[in-house]
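entry_30.tsv follows (TSV, C-alpha atoms and all ligand atoms):
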```tsv
chain	number	residue	atom	x	y	z
P	1191	MET	CA	20.38	9.16	-5.07
P	1192	SER	CA	21.71	10.53	-1.85
P	1193	ASP	CA	20.28	12.57	0.93
P	1194	SER	CA	23.76	13.97	1.23
P	1195	CYS	CA	23.39	15.63	-2.15
P	1196	SER	CA	25.89	18.38	-2.76
P	1197	PHE	CA	25.09	21.40	-0.68
P	1198	GLU	CA	26.19	23.71	-3.45
P	1199	SER	CA	23.25	22.58	-5.56
P	1200	TYR	CA	20.93	24.33	-3.11
P	1201	PRO	CA	20.06	27.94	-3.69
P	1202	PRO	CA	22.08	30.10	-1.22
P	1203	ARG	CA	18.98	31.32	0.63
P	1204	PHE	CA	18.36	27.76	1.80
P	1205	GLN	CA	21.76	27.43	3.40
P	1206	LEU	CA	20.48	28.71	6.69
P	1207	PRO	CA	22.97	30.54	8.90
P	1208	ASN	CA	24.25	28.99	12.07
P	1209	SER	CA	22.74	31.68	14.24
P	1210	PRO	CA	20.91	31.43	17.59
P	1211	LEU	CA	17.77	32.48	15.76
P	1212	TYR	CA	17.73	29.07	14.19
P	1213	HIS	CA	17.18	26.62	17.00
P	1214	ASP	CA	16.52	22.94	16.98
P	1215	HIS	CA	13.00	21.84	17.71
P	1216	GLU	CA	12.61	18.69	19.68
P	1217	GLU	CA	9.33	18.27	17.90
P	1218	ASP	CA	8.73	20.18	14.71
P	1219	LEU	CA	5.47	21.49	16.03
P	1220	SER	CA	4.45	24.83	17.35
P	1221	ILE	CA	2.29	24.95	20.44
P	1222	ASP	CA	-0.95	25.89	18.76
P	1223	GLU	CA	-0.71	23.08	16.28
P	1224	VAL	CA	-1.94	19.54	16.69
P	1225	VAL	CA	-0.78	17.18	14.04
P	1226	ILE	CA	-2.99	14.19	13.67
P	1227	ASP	CA	-1.93	11.23	11.64
P	1228	SER	CA	-3.81	10.78	8.43
P	1229	GLU	CA	-5.34	7.39	9.15
P	1230	THR	CA	-8.73	8.96	8.63
P	1231	LEU	CA	-7.98	10.64	5.31
P	1232	PRO	CA	-10.59	9.40	2.83
P	1233	VAL	CA	-9.33	6.83	0.34
P	1234	ILE	CA	-10.73	6.59	-3.19
P	1235	ASP	CA	-10.04	3.63	-5.44
P	1236	PHE	CA	-9.49	4.95	-8.95
P	1237	GLY	CA	-10.39	1.57	-10.42
P	1238	CYS	CA	-13.97	1.90	-9.20
P	1239	ILE	CA	-14.28	5.66	-8.81
P	1240	ASN	CA	-17.64	5.68	-10.53
P	1241	GLU	CA	-19.03	3.26	-7.97
P	1242	GLU	CA	-17.68	5.37	-5.13
P	1243	LYS	CA	-19.54	8.58	-5.90
P	1244	GLU	CA	-21.04	8.97	-2.44
P	1245	LYS	CA	-17.68	8.48	-0.75
P	1246	LEU	CA	-16.12	10.89	-3.22
P	1247	HIS	CA	-18.79	13.46	-2.53
P	1248	GLU	CA	-18.20	13.19	1.21
P	1249	ALA	CA	-14.45	13.47	0.77
P	1250	CYS	CA	-14.84	16.60	-1.36
P	1251	ALA	CA	-17.40	18.25	0.89
P	1252	GLU	CA	-15.85	17.38	4.24
P	1253	TRP	CA	-12.14	17.29	3.49
P	1254	GLY	CA	-11.39	18.76	0.08
P	1255	VAL	CA	-8.67	16.12	-0.17
P	1256	PHE	CA	-8.40	12.34	-0.47
P	1257	ARG	CA	-5.88	9.63	-1.12
P	1258	LEU	CA	-6.09	8.01	-4.55
P	1259	VAL	CA	-5.15	4.33	-4.75
P	1260	ASN	CA	-5.06	1.91	-7.66
P	1261	HIS	CA	-4.32	4.73	-10.13
P	1262	GLY	CA	-2.69	2.48	-12.69
P	1263	ILE	CA	0.44	4.54	-13.43
P	1264	PRO	CA	3.33	2.07	-13.71
P	1265	THR	CA	5.62	2.04	-10.67
P	1266	SER	CA	8.63	1.90	-12.98
P	1267	LEU	CA	7.66	5.26	-14.50
P	1268	LEU	CA	7.18	6.80	-11.06
P	1269	ASN	CA	10.54	5.51	-9.86
P	1270	GLN	CA	12.38	6.66	-12.95
P	1271	LEU	CA	10.81	10.09	-12.77
P	1272	HIS	CA	11.81	10.50	-9.13
P	1273	GLU	CA	15.37	9.32	-9.79
P	1274	THR	CA	15.82	11.53	-12.81
P	1275	SER	CA	14.32	14.53	-11.03
P	1276	LYS	CA	16.79	14.09	-8.17
P	1277	GLN	CA	19.65	14.00	-10.64
P	1278	VAL	CA	18.38	17.18	-12.25
P	1279	PHE	CA	18.17	18.92	-8.86
P	1280	ASP	CA	21.70	17.82	-8.00
P	1281	HIS	CA	23.06	20.08	-10.74
P	1282	SER	CA	24.55	23.36	-9.60
P	1283	LEU	CA	22.20	26.27	-9.23
P	1284	GLU	CA	23.66	27.92	-12.29
P	1285	SER	CA	23.25	24.89	-14.49
P	1286	LYS	CA	19.67	24.28	-13.26
P	1287	GLN	CA	18.81	27.78	-14.38
P	1288	LYS	CA	20.14	27.00	-17.84
P	1289	LEU	CA	19.29	23.32	-18.16
P	1290	PHE	CA	16.00	23.73	-20.04
P	1291	SER	CA	16.59	27.05	-21.74
P	1292	GLY	CA	14.91	27.08	-25.11
P	1293	SER	CA	12.15	24.84	-23.74
P	1294	PRO	CA	8.99	25.84	-21.85
P	1295	ILE	CA	10.34	24.29	-18.63
P	1296	THR	CA	11.46	26.91	-16.12
P	1297	TYR	CA	13.39	26.72	-12.86
P	1298	PHE	CA	12.16	28.67	-9.83
P	1299	ARG	CA	12.85	28.83	-6.11
P	1300	GLY	CA	11.67	30.43	-2.90
P	1301	THR	CA	8.02	30.73	-3.91
P	1302	PRO	CA	5.52	28.65	-5.89
P	1303	ALA	CA	3.88	31.87	-7.17
P	1304	LEU	CA	5.00	32.28	-10.77
P	1305	ASN	CA	4.25	34.78	-13.51
P	1306	SER	CA	2.92	33.80	-16.92
P	1307	LYS	CA	6.46	33.06	-18.13
P	1308	GLY	CA	6.94	30.55	-15.30
P	1309	MET	CA	9.33	32.81	-13.40
P	1310	ALA	CA	9.03	33.41	-9.63
P	1311	LEU	CA	7.02	36.49	-8.71
P	1312	GLN	CA	8.88	39.07	-6.64
P	1313	GLU	CA	10.38	37.50	-3.55
P	1314	PRO	CA	7.89	37.45	-0.71
P	1315	GLN	CA	9.07	38.22	2.80
P	1316	ASN	CA	8.72	34.67	4.02
P	1317	VAL	CA	10.62	32.70	1.48
P	1318	ASP	CA	9.45	29.14	1.02
P	1319	CYS	CA	12.35	26.78	1.35
P	1320	MET	CA	12.00	24.90	-1.91
P	1321	GLU	CA	12.97	24.94	-5.53
P	1322	GLY	CA	11.21	23.54	-8.54
P	1323	PHE	CA	10.69	23.15	-12.25
P	1324	ASN	CA	7.48	24.31	-13.86
P	1325	VAL	CA	6.26	22.32	-16.85
P	1326	PRO	CA	3.33	23.63	-18.92
P	1327	LEU	CA	2.39	20.29	-20.45
P	1328	SER	CA	0.69	21.38	-23.64
P	1329	GLN	CA	3.77	23.37	-24.71
P	1330	LEU	CA	6.12	20.45	-24.21
P	1331	PRO	CA	5.77	18.29	-27.34
P	1332	CYS	CA	6.86	21.01	-29.77
P	1333	HIS	CA	10.12	21.42	-27.87
P	1334	THR	CA	11.28	17.88	-27.29
P	1335	HIS	CA	14.39	17.88	-29.45
P	1336	ALA	CA	17.37	15.95	-28.20
P	1337	ASP	CA	19.80	18.11	-30.16
P	1338	GLU	CA	18.95	21.12	-27.95
P	1339	ASP	CA	20.57	19.38	-25.00
P	1340	GLY	CA	24.05	18.95	-26.38
P	1341	ASP	CA	25.95	16.08	-24.79
P	1342	ASP	CA	23.86	15.79	-21.65
P	1343	PRO	CA	21.17	13.08	-21.98
P	1344	LEU	CA	19.57	14.03	-18.64
P	1345	PRO	CA	17.33	16.93	-19.77
P	1346	THR	CA	16.05	14.82	-22.64
P	1347	SER	CA	15.18	11.82	-20.47
P	1348	PHE	CA	13.59	14.13	-17.92
P	1349	ARG	CA	11.37	15.65	-20.60
P	1350	TYR	CA	10.31	12.29	-21.98
P	1351	LEU	CA	9.47	10.99	-18.54
P	1352	ILE	CA	7.65	14.14	-17.53
P	1353	GLN	CA	5.63	14.09	-20.71
P	1354	GLU	CA	4.61	10.48	-20.26
P	1355	TYR	CA	3.75	11.16	-16.62
P	1356	GLY	CA	1.79	14.27	-17.65
P	1357	ASP	CA	-0.30	12.24	-20.10
P	1358	HIS	CA	-1.20	9.82	-17.29
P	1359	GLN	CA	-2.03	12.67	-14.94
P	1360	SER	CA	-4.38	14.40	-17.36
P	1361	ARG	CA	-6.15	11.10	-17.96
P	1362	LEU	CA	-6.59	10.66	-14.20
P	1363	ALA	CA	-7.67	14.28	-13.79
P	1364	GLU	CA	-10.36	13.98	-16.43
P	1365	THR	CA	-11.88	10.89	-14.85
P	1366	ILE	CA	-11.68	12.26	-11.33
P	1367	TYR	CA	-13.14	15.59	-12.42
P	1368	LYS	CA	-16.06	13.92	-14.16
P	1369	ALA	CA	-16.78	11.71	-11.17
P	1370	ILE	CA	-16.66	14.69	-8.80
P	1371	THR	CA	-18.74	17.07	-10.84
P	1372	GLU	CA	-21.42	14.75	-12.09
P	1373	ARG	CA	-23.52	15.61	-9.10
P	1374	GLN	CA	-22.83	19.34	-9.47
P	1375	CYS	CA	-23.70	19.27	-13.14
P	1376	GLU	CA	-27.26	18.37	-12.41
P	1377	ALA	CA	-27.57	21.76	-10.76
P	1378	LEU	CA	-25.23	23.79	-12.94
P	1379	GLU	CA	-25.43	24.36	-16.65
P	1380	ASP	CA	-22.45	22.36	-17.84
P	1381	CYS	CA	-19.58	21.61	-15.54
P	1382	SER	CA	-17.61	19.69	-18.11
P	1383	SER	CA	-16.81	22.93	-19.94
P	1384	TYR	CA	-14.79	24.18	-16.98
P	1385	LEU	CA	-12.08	21.54	-17.17
P	1386	ALA	CA	-9.46	22.54	-19.74
P	1387	LEU	CA	-6.88	19.77	-19.98
P	1388	PRO	CA	-4.46	21.89	-22.06
P	1389	THR	CA	-3.97	24.07	-18.97
P	1390	GLY	CA	-2.35	21.12	-17.15
P	1391	VAL	CA	0.91	22.01	-15.42
P	1392	LEU	CA	3.43	19.85	-13.61
P	1393	ARG	CA	5.61	21.16	-10.81
P	1394	VAL	CA	8.58	19.13	-9.65
P	1395	TYR	CA	9.76	20.28	-6.22
P	1396	ARG	CA	12.75	19.66	-4.02
P	1397	TYR	CA	12.63	20.66	-0.37
P	1398	PRO	CA	16.05	20.63	1.29
P	1399	ALA	CA	16.78	18.93	4.59
P	1400	VAL	CA	17.12	21.74	7.09
P	1401	SER	CA	18.60	20.71	10.42
P	1402	GLN	CA	17.87	23.96	12.20
P	1403	ILE	CA	14.32	24.93	11.48
P	1404	ASN	CA	13.20	28.46	12.20
P	1405	GLU	CA	9.66	29.05	13.47
P	1406	SER	CA	8.76	30.66	10.17
P	1407	SER	CA	10.71	28.48	7.76
P	1408	TRP	CA	8.43	26.30	5.71
P	1409	GLY	CA	8.90	24.13	2.70
P	1410	MET	CA	5.69	25.67	1.48
P	1411	ASP	CA	3.61	27.95	3.65
P	1412	ALA	CA	-0.13	27.43	4.14
P	1413	HIS	CA	-2.09	28.11	0.97
P	1414	THR	CA	-4.96	26.94	-1.18
P	1415	ASP	CA	-4.35	25.93	-4.79
P	1416	SER	CA	-5.94	28.02	-7.52
P	1417	SER	CA	-6.63	24.89	-9.57
P	1418	LEU	CA	-9.76	22.85	-10.16
P	1419	ILE	CA	-7.95	19.79	-8.90
P	1420	SER	CA	-4.35	19.04	-7.92
P	1421	ILE	CA	-2.75	15.61	-7.83
P	1422	LEU	CA	0.30	15.28	-5.58
P	1423	ASN	CA	2.88	12.57	-5.79
P	1424	GLU	CA	5.35	12.67	-2.91
P	1425	ASP	CA	8.29	10.54	-1.94
P	1426	LEU	CA	8.43	8.79	1.44
P	1427	VAL	CA	9.92	11.64	3.47
P	1428	GLY	CA	6.63	13.26	4.51
P	1429	GLY	CA	5.83	16.82	5.52
P	1430	LEU	CA	2.55	17.47	3.72
P	1431	GLN	CA	-0.24	18.71	6.00
P	1432	PHE	CA	-3.89	19.58	5.41
P	1433	TYR	CA	-6.10	21.80	7.51
P	1434	ARG	CA	-9.48	20.63	8.67
P	1435	LEU	CA	-11.78	21.80	11.46
P	1436	GLY	CA	-9.08	23.61	13.38
P	1437	HIS	CA	-6.37	20.97	13.07
P	1438	TRP	CA	-3.46	20.28	10.82
P	1439	PHE	CA	-3.45	16.70	9.55
P	1440	HIS	CA	-0.13	15.18	8.73
P	1441	VAL	CA	-0.27	13.05	5.58
P	1442	ARG	CA	1.55	9.78	5.95
P	1443	PRO	CA	3.39	9.00	2.72
P	1444	ILE	CA	2.25	5.70	1.25
P	1445	PRO	CA	4.04	4.35	-1.82
P	1446	ASN	CA	2.10	4.23	-5.08
P	1447	THR	CA	-0.70	6.46	-3.88
P	1448	PHE	CA	-1.46	10.06	-4.78
P	1449	ILE	CA	-3.02	12.84	-2.77
P	1450	VAL	CA	-5.77	14.63	-4.67
P	1451	ASN	CA	-6.84	18.02	-3.37
P	1452	LEU	CA	-9.43	20.45	-4.61
P	1453	GLY	CA	-8.51	23.99	-5.53
P	1454	ASP	CA	-10.22	27.37	-5.56
P	1455	MET	CA	-11.84	26.85	-8.96
P	1456	MET	CA	-13.59	23.70	-7.74
P	1457	GLN	CA	-14.85	25.55	-4.68
P	1458	ALA	CA	-16.21	28.29	-6.96
P	1459	ILE	CA	-17.95	26.04	-9.48
P	1460	SER	CA	-19.48	23.97	-6.68
P	1461	ASP	CA	-20.80	27.10	-4.99
P	1462	ASP	CA	-18.74	26.41	-1.87
P	1463	GLU	CA	-20.11	22.90	-1.44
P	1464	TYR	CA	-16.63	21.53	-2.04
P	1465	LYS	CA	-13.63	22.96	-0.24
P	1466	SER	CA	-10.42	24.36	-1.59
P	1467	VAL	CA	-8.41	22.89	1.24
P	1468	LYS	CA	-5.59	24.73	2.97
P	1469	HIS	CA	-2.32	22.85	3.07
P	1470	ARG	CA	1.41	23.32	3.64
P	1471	VAL	CA	4.71	21.48	3.63
P	1472	ARG	CA	6.98	21.07	6.65
P	1473	LEU	CA	10.69	20.73	6.18
P	1474	ASN	CA	12.47	17.64	7.35
P	1475	LYS	CA	15.61	17.91	9.45
P	1476	LEU	CA	17.39	14.95	7.96
P	1477	LYS	CA	16.09	14.27	4.49
P	1478	GLU	CA	15.37	16.31	1.43
P	1479	ARG	CA	11.90	15.77	0.01
P	1480	LEU	CA	10.81	15.43	-3.59
P	1481	SER	CA	7.27	15.88	-4.81
P	1482	ILE	CA	5.54	16.25	-8.15
P	1483	GLY	CA	2.28	18.13	-8.42
P	1484	TYR	CA	-0.16	18.20	-11.32
P	1485	PHE	CA	-2.57	21.14	-11.53
P	1486	VAL	CA	-5.42	21.69	-13.94
P	1487	PHE	CA	-7.56	24.79	-14.44
P	1488	PRO	CA	-10.49	26.13	-16.41
P	1489	ASP	CA	-9.71	27.70	-19.72
P	1490	ASP	CA	-8.41	31.27	-19.34
P	1491	ASN	CA	-11.44	32.99	-20.76
P	1492	THR	CA	-14.38	30.80	-19.74
P	1493	LEU	CA	-16.64	32.68	-17.37
P	1494	ILE	CA	-17.36	30.84	-14.14
P	1495	HIS	CA	-20.95	31.30	-13.02
P	1496	SER	CA	-22.08	30.56	-9.50
P	1497	GLN	CA	-24.40	31.85	-6.82
P	1498	ALA	CA	-21.67	32.73	-4.37
P	1499	TYR	CA	-19.27	34.54	-6.71
P	1500	LYS	CA	-19.48	37.25	-9.32
P	1501	PRO	CA	-18.85	35.85	-12.79
P	1502	PHE	CA	-15.09	35.70	-13.38
P	1503	SER	CA	-12.67	33.89	-15.62
P	1504	TYR	CA	-9.61	31.99	-14.48
P	1505	SER	CA	-7.55	34.66	-16.16
P	1506	ASP	CA	-9.24	37.34	-13.98
P	1507	PHE	CA	-8.49	35.21	-10.94
P	1508	ARG	CA	-4.82	34.66	-11.79
P	1509	THR	CA	-4.28	38.34	-12.53
P	1510	GLN	CA	-5.85	39.29	-9.20
P	1511	VAL	CA	-3.75	36.73	-7.31
P	1512	GLN	CA	-0.54	37.96	-8.90
P	1513	GLN	CA	-1.47	41.55	-8.17
P	1514	ASP	CA	-2.26	40.75	-4.52
P	1515	ILE	CA	0.98	38.87	-4.04
P	1516	THR	CA	3.02	41.77	-5.34
P	1517	THR	CA	1.05	44.54	-3.63
P	1518	VAL	CA	-0.64	43.12	-0.49
P	1519	GLY	CA	2.08	40.49	-0.04
P	1520	TYR	CA	-0.10	37.39	-0.11
P	1521	LYS	CA	-2.84	35.68	-2.11
P	1522	VAL	CA	-6.33	36.83	-1.10
P	1523	GLY	CA	-7.99	34.41	-3.50
P	1524	LEU	CA	-11.70	33.65	-3.69
P	1525	PRO	CA	-12.94	36.29	-1.18
P	1526	ARG	CA	-12.03	38.91	-3.80
P	1527	PHE	CA	-14.75	37.51	-6.06
P	1528	ARG	CA	-17.48	36.78	-3.55
P	1529	ARG	CA	-20.85	38.45	-4.15
P	1530	SER	CA	-21.40	40.88	-1.34
P	1531	GLY	CA	-24.50	40.60	0.83
J	1	LIG	O1	5.04	19.49	-2.36
J	1	LIG	C1	3.90	19.22	-2.05
J	1	LIG	O2	3.59	18.10	-1.63
J	1	LIG	C2	2.82	20.26	-2.10
J	1	LIG	C3	2.96	21.25	-3.20
J	1	LIG	C4	1.84	22.23	-3.22
J	1	LIG	O3	1.05	22.31	-2.32
J	1	LIG	C5	1.66	23.13	-4.37
J	1	LIG	O4	2.47	23.12	-5.28
J	1	LIG	O5	0.67	23.87	-4.39
J	2	FE	FE	-0.64	23.42	-2.96
```

How does the structure come out when it is put into C-alpha cells?
Amino acid sequence: MSDSCSFESYPPRFQLPNSPLYHDHEEDLSIDEVVIDSETLPVIDFGCINEEKEKLHEACAEWGVFRLVNHGIPTSLLNQLHETSKQVFDHSLESKQKLFSGSPITYFRGTPALNSKGMALQEPQNVDCMEGFNVPLSQLPCHTHADEDGDDPLPTSFRYLIQEYGDHQSRLAETIYKAITERQCEALEDCSSYLALPTGVLRVYRYPAVSQINESSWGMDAHTDSSLISILNEDLVGGLQFYRLGHWFHVRPIPNTFIVNLGDMMQAISDDEYKSVKHRVRLNKLKERLSIGYFVFPDDNTLIHSQAYKPFSYSDFRTQVQQDITTVGYKVGLPRFRRSG
C-alpha cells in the first residue's frame, strides 16, 4: 500500500493548515529533548523467557519496557494484518465509521482515551494526530458473520486476521506475565489472579505523515498505559519513544520484533518495583505509520492489594481516569490511589 494514500481518508483535523504556526523542523526535536537510539533497550528472547528471568526482572525494574524477539507469530500473518489494516484505513472517513457497525469493533480518532463503548472521550485540547480501531477480543467471535459485511470482503478478512493475531497475543501475554510475576508472587498472595485474558483489547492505529509539524502536534502524547502489560507491533516508520532517567529513547523499528511495555496495573501489583513507563509517538514528515497494540488488564472487579496503594479494582481505576480526562483534562492515574503518608 502507498504512503500517498488518499488524503480524504484522513480525518479533517489531521489536514493541518498551511499557516506560519506550522513550521518545518530541521530536526523533529525540541531543545530540551535528547533522543538516544535504542541500542541499549533490553532484549528478551520469548523462546527462552523462563531462562531469562533475571534479565527480565532488570528490564522491568529499570526500563519498564523491552524488545521481544523470537515470538513465534508467523511473519505471513503479521504482513497480512498490516496490509489489510492499511486498506481499511484507506476507506473514506465516513465509511470507516460505518465499516464495522453491528460488531464490537469501533473507529476512533484524535485520542486513545475511549469510553466503555469504545468511543472517543470528549475531545481533549491537544488532539493526538492518529486514528484507530478498537477491538475487544473476547466479544469478537460471536460477531464474525460474513453476511453482515455485504459485498465487501475486507471487513471480514480484517476480523479473521485480527482474531487470529489476538489469540497469539494473549498466548504471549500469559507467558510473559507469568515469567514477570513469578518473583512478585513469592511476596504477594496470588499474582496470577490479576491477569484476566478476556479483557484483552487490540488497537490498530494509523498516524498520518505530517509535513509541517507543530511543536505540540503528536501522534500520541506522553502517557502511561493503564494495562498490566502492552505488546506493540509497529511498522518500519518509527516514532515510538520511551522515557527513562530524564531522556527520551527513540525505539528503532526492527522487523519481526515486538515492544513490550508495562502499564499502571503492573506497577501497582509490584508495589512500584516495576515501572509503568512513559512513552509517546512522534509523527513522521514523510510516511504514515501503522501500529497494532495489545493491552491486557485485571478483571474489572478484582481488588488489587499492595503496600503503596489503597485497595482498588481496575474498574475503579478506569472510572477515575475517564473522570479526570473529562474534568481535569488529563489522566492523573496511579497517584490518585496512592496511600498517603
Ligand atoms: O502506536 C504506538 O506504537 C503506541 C501506542 C500506544 O502507546 C498506546 O496505544 O497506548
Ligand atoms: Fe501507550

*Around ligand FE 2 (chain J), at most 9 Å away and counting all atoms listed in the file, which residues are there? Put them as a VMD selection string, please.*
chain P and resid 1302 1410 1412 to 1416 1420 1422 1451 1453 1467 to 1471 1483

Counting only C-alpha atoms, which residues of segment 1355-1429 of chain P fall within 9 Å of segment 1490-1499 of chain P, and what is the closest atom pair for each with its distance in Å at one decimal, ordered by chain and rising number, as a tab-separated table?
```
residue	atom	partner	partner_atom	distance
P:Leu1378	CA	P:Ser1496	CA	8.2
P:Ser1383	CA	P:Thr1492	CA	8.2
P:Tyr1384	CA	P:Thr1492	CA	7.2
P:Ala1386	CA	P:Asp1490	CA	8.8
P:Thr1389	CA	P:Asp1490	CA	8.5
```

_Between atom CA of Phe1298 of chain P and atom CA of Ile1263 of chain P, what distance in Å does the model show, to one decimal?_
27.1 Å

Just the residues within 9 Å of segment 1307-1311 of chain P, please, counting all atoms listed in the file, with nothing from its chain fewer than 3 positions along; format it as a compact mmCIF listing (two decimals) with C-alpha atoms, in the frame of the given file.
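The file below, out_28.txt, is the result:
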```txt
# COMPACT_ATOMS: atom_id res chain seq x y z
CA PRO P 1294 8.99 25.84 -21.85
CA ILE P 1295 10.34 24.29 -18.63
CA THR P 1296 11.46 26.91 -16.12
CA TYR P 1297 13.39 26.72 -12.86
CA PHE P 1298 12.16 28.67 -9.83
CA ARG P 1299 12.85 28.83 -6.11
CA GLY P 1300 11.67 30.43 -2.90
CA THR P 1301 8.02 30.73 -3.91
CA PRO P 1302 5.52 28.65 -5.89
CA ALA P 1303 3.88 31.87 -7.17
CA LEU P 1304 5.00 32.28 -10.77
CA PRO P 1314 7.89 37.45 -0.71
CA PHE P 1323 10.69 23.15 -12.25
CA ASN P 1324 7.48 24.31 -13.86
CA VAL P 1325 6.26 22.32 -16.85
CA PRO P 1326 3.33 23.63 -18.92
CA GLN P 1512 -0.54 37.96 -8.90
CA ILE P 1515 0.98 38.87 -4.04
CA THR P 1516 3.02 41.77 -5.34
```

Around the point (13.6, 18.4, 5.1) in the file's coordinates, collect all residues with an atom within 10 Å, using all atoms listed in the file, and return them as a CSV table (one decimal) with C-alpha atoms, in the coordinates of the input.
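Full text of out25.csv as output:
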```
chain,number,residue,atom,x,y,z
P,1193,ASP,CA,20.3,12.6,0.9
P,1319,CYS,CA,12.4,26.8,1.4
P,1320,MET,CA,12.0,24.9,-1.9
P,1396,ARG,CA,12.8,19.7,-4.0
P,1397,TYR,CA,12.6,20.7,-0.4
P,1398,PRO,CA,16.0,20.6,1.3
P,1399,ALA,CA,16.8,18.9,4.6
P,1400,VAL,CA,17.1,21.7,7.1
P,1401,SER,CA,18.6,20.7,10.4
P,1402,GLN,CA,17.9,24.0,12.2
P,1403,ILE,CA,14.3,24.9,11.5
P,1408,TRP,CA,8.4,26.3,5.7
P,1409,GLY,CA,8.9,24.1,2.7
P,1427,VAL,CA,9.9,11.6,3.5
P,1428,GLY,CA,6.6,13.3,4.5
P,1429,GLY,CA,5.8,16.8,5.5
P,1471,VAL,CA,4.7,21.5,3.6
P,1472,ARG,CA,7.0,21.1,6.6
P,1473,LEU,CA,10.7,20.7,6.2
P,1474,ASN,CA,12.5,17.6,7.4
P,1475,LYS,CA,15.6,17.9,9.4
P,1476,LEU,CA,17.4,15.0,8.0
P,1477,LYS,CA,16.1,14.3,4.5
P,1478,GLU,CA,15.4,16.3,1.4
P,1479,ARG,CA,11.9,15.8,0.0
P,1480,LEU,CA,10.8,15.4,-3.6
```

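Proximity ranking of P:Arg1508, P:Lys1465, P:His1440, P:Arg1529 relative to Cys1250 of chain P places P:Lys1465 first, based on only C-alpha atoms.
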
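We find atom CA of Tyr1355 of chain P and atom CA of Asn1240 of chain P to be spaced 22.9 Å apart.
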
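Proximity of P:Ser1481, P:Ser1407, P:Ser1466, P:Thr1517 to Gly1322 of chain P, computed with all atoms listed in the file, is greatest for P:Ser1481.
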
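The coordinates place atom CA of Phe1487 of chain P at 10.0 Å from atom CA of Ser1505 of chain P.
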
Mind filling out segment 1270-1283 of chain P with N, CA and C atoms and sending it as a PDB file, keeping the file's coordinate frame?
```pdb
ATOM      1  N   GLN P1270      11.429   6.010 -12.037  1.00  0.00           N
ATOM      2  CA  GLN P1270      12.380   6.660 -12.950  1.00  0.00           C
ATOM      3  C   GLN P1270      12.251   8.173 -12.897  1.00  0.00           C
ATOM      4  N   LEU P1271      11.020   8.639 -12.812  1.00  0.00           N
ATOM      5  CA  LEU P1271      10.810  10.090 -12.770  1.00  0.00           C
ATOM      6  C   LEU P1271      11.414  10.688 -11.501  1.00  0.00           C
ATOM      7  N   HIS P1272      11.230   9.999 -10.378  1.00  0.00           N
ATOM      8  CA  HIS P1272      11.810  10.500  -9.130  1.00  0.00           C
ATOM      9  C   HIS P1272      13.341  10.504  -9.193  1.00  0.00           C
ATOM     10  N   GLU P1273      13.906   9.415  -9.695  1.00  0.00           N
ATOM     11  CA  GLU P1273      15.370   9.320  -9.790  1.00  0.00           C
ATOM     12  C   GLU P1273      15.942  10.420 -10.685  1.00  0.00           C
ATOM     13  N   THR P1274      15.314  10.546 -11.849  1.00  0.00           N
ATOM     14  CA  THR P1274      15.820  11.530 -12.810  1.00  0.00           C
ATOM     15  C   THR P1274      15.657  12.949 -12.265  1.00  0.00           C
ATOM     16  N   SER P1275      14.538  13.201 -11.600  1.00  0.00           N
ATOM     17  CA  SER P1275      14.320  14.530 -11.030  1.00  0.00           C
ATOM     18  C   SER P1275      15.400  14.846  -9.992  1.00  0.00           C
ATOM     19  N   LYS P1276      15.746  13.853  -9.176  1.00  0.00           N
ATOM     20  CA  LYS P1276      16.790  14.090  -8.170  1.00  0.00           C
ATOM     21  C   LYS P1276      18.107  14.424  -8.836  1.00  0.00           C
ATOM     22  N   GLN P1277      18.398  13.714  -9.920  1.00  0.00           N
ATOM     23  CA  GLN P1277      19.650  14.000 -10.640  1.00  0.00           C
ATOM     24  C   GLN P1277      19.642  15.411 -11.198  1.00  0.00           C
ATOM     25  N   VAL P1278      18.492  15.819 -11.700  1.00  0.00           N
ATOM     26  CA  VAL P1278      18.380  17.180 -12.250  1.00  0.00           C
ATOM     27  C   VAL P1278      18.627  18.196 -11.123  1.00  0.00           C
ATOM     28  N   PHE P1279      18.005  17.974  -9.971  1.00  0.00           N
ATOM     29  CA  PHE P1279      18.170  18.920  -8.860  1.00  0.00           C
ATOM     30  C   PHE P1279      19.609  18.948  -8.338  1.00  0.00           C
ATOM     31  N   ASP P1280      20.326  17.858  -8.497  1.00  0.00           N
ATOM     32  CA  ASP P1280      21.700  17.820  -8.000  1.00  0.00           C
ATOM     33  C   ASP P1280      22.663  18.659  -8.832  1.00  0.00           C
ATOM     34  N   HIS P1281      22.215  19.162  -9.960  1.00  0.00           N
ATOM     35  CA  HIS P1281      23.060  20.080 -10.740  1.00  0.00           C
ATOM     36  C   HIS P1281      23.280  21.366  -9.933  1.00  0.00           C
ATOM     37  N   SER P1282      24.306  22.077 -10.287  1.00  0.00           N
ATOM     38  CA  SER P1282      24.550  23.360  -9.600  1.00  0.00           C
ATOM     39  C   SER P1282      23.406  24.307  -9.916  1.00  0.00           C
ATOM     40  N   LEU P1283      23.262  25.287  -9.047  1.00  0.00           N
ATOM     41  CA  LEU P1283      22.200  26.270  -9.230  1.00  0.00           C
ATOM     42  C   LEU P1283      22.274  26.905 -10.621  1.00  0.00           C
TER      43      LEU P1283
END
```
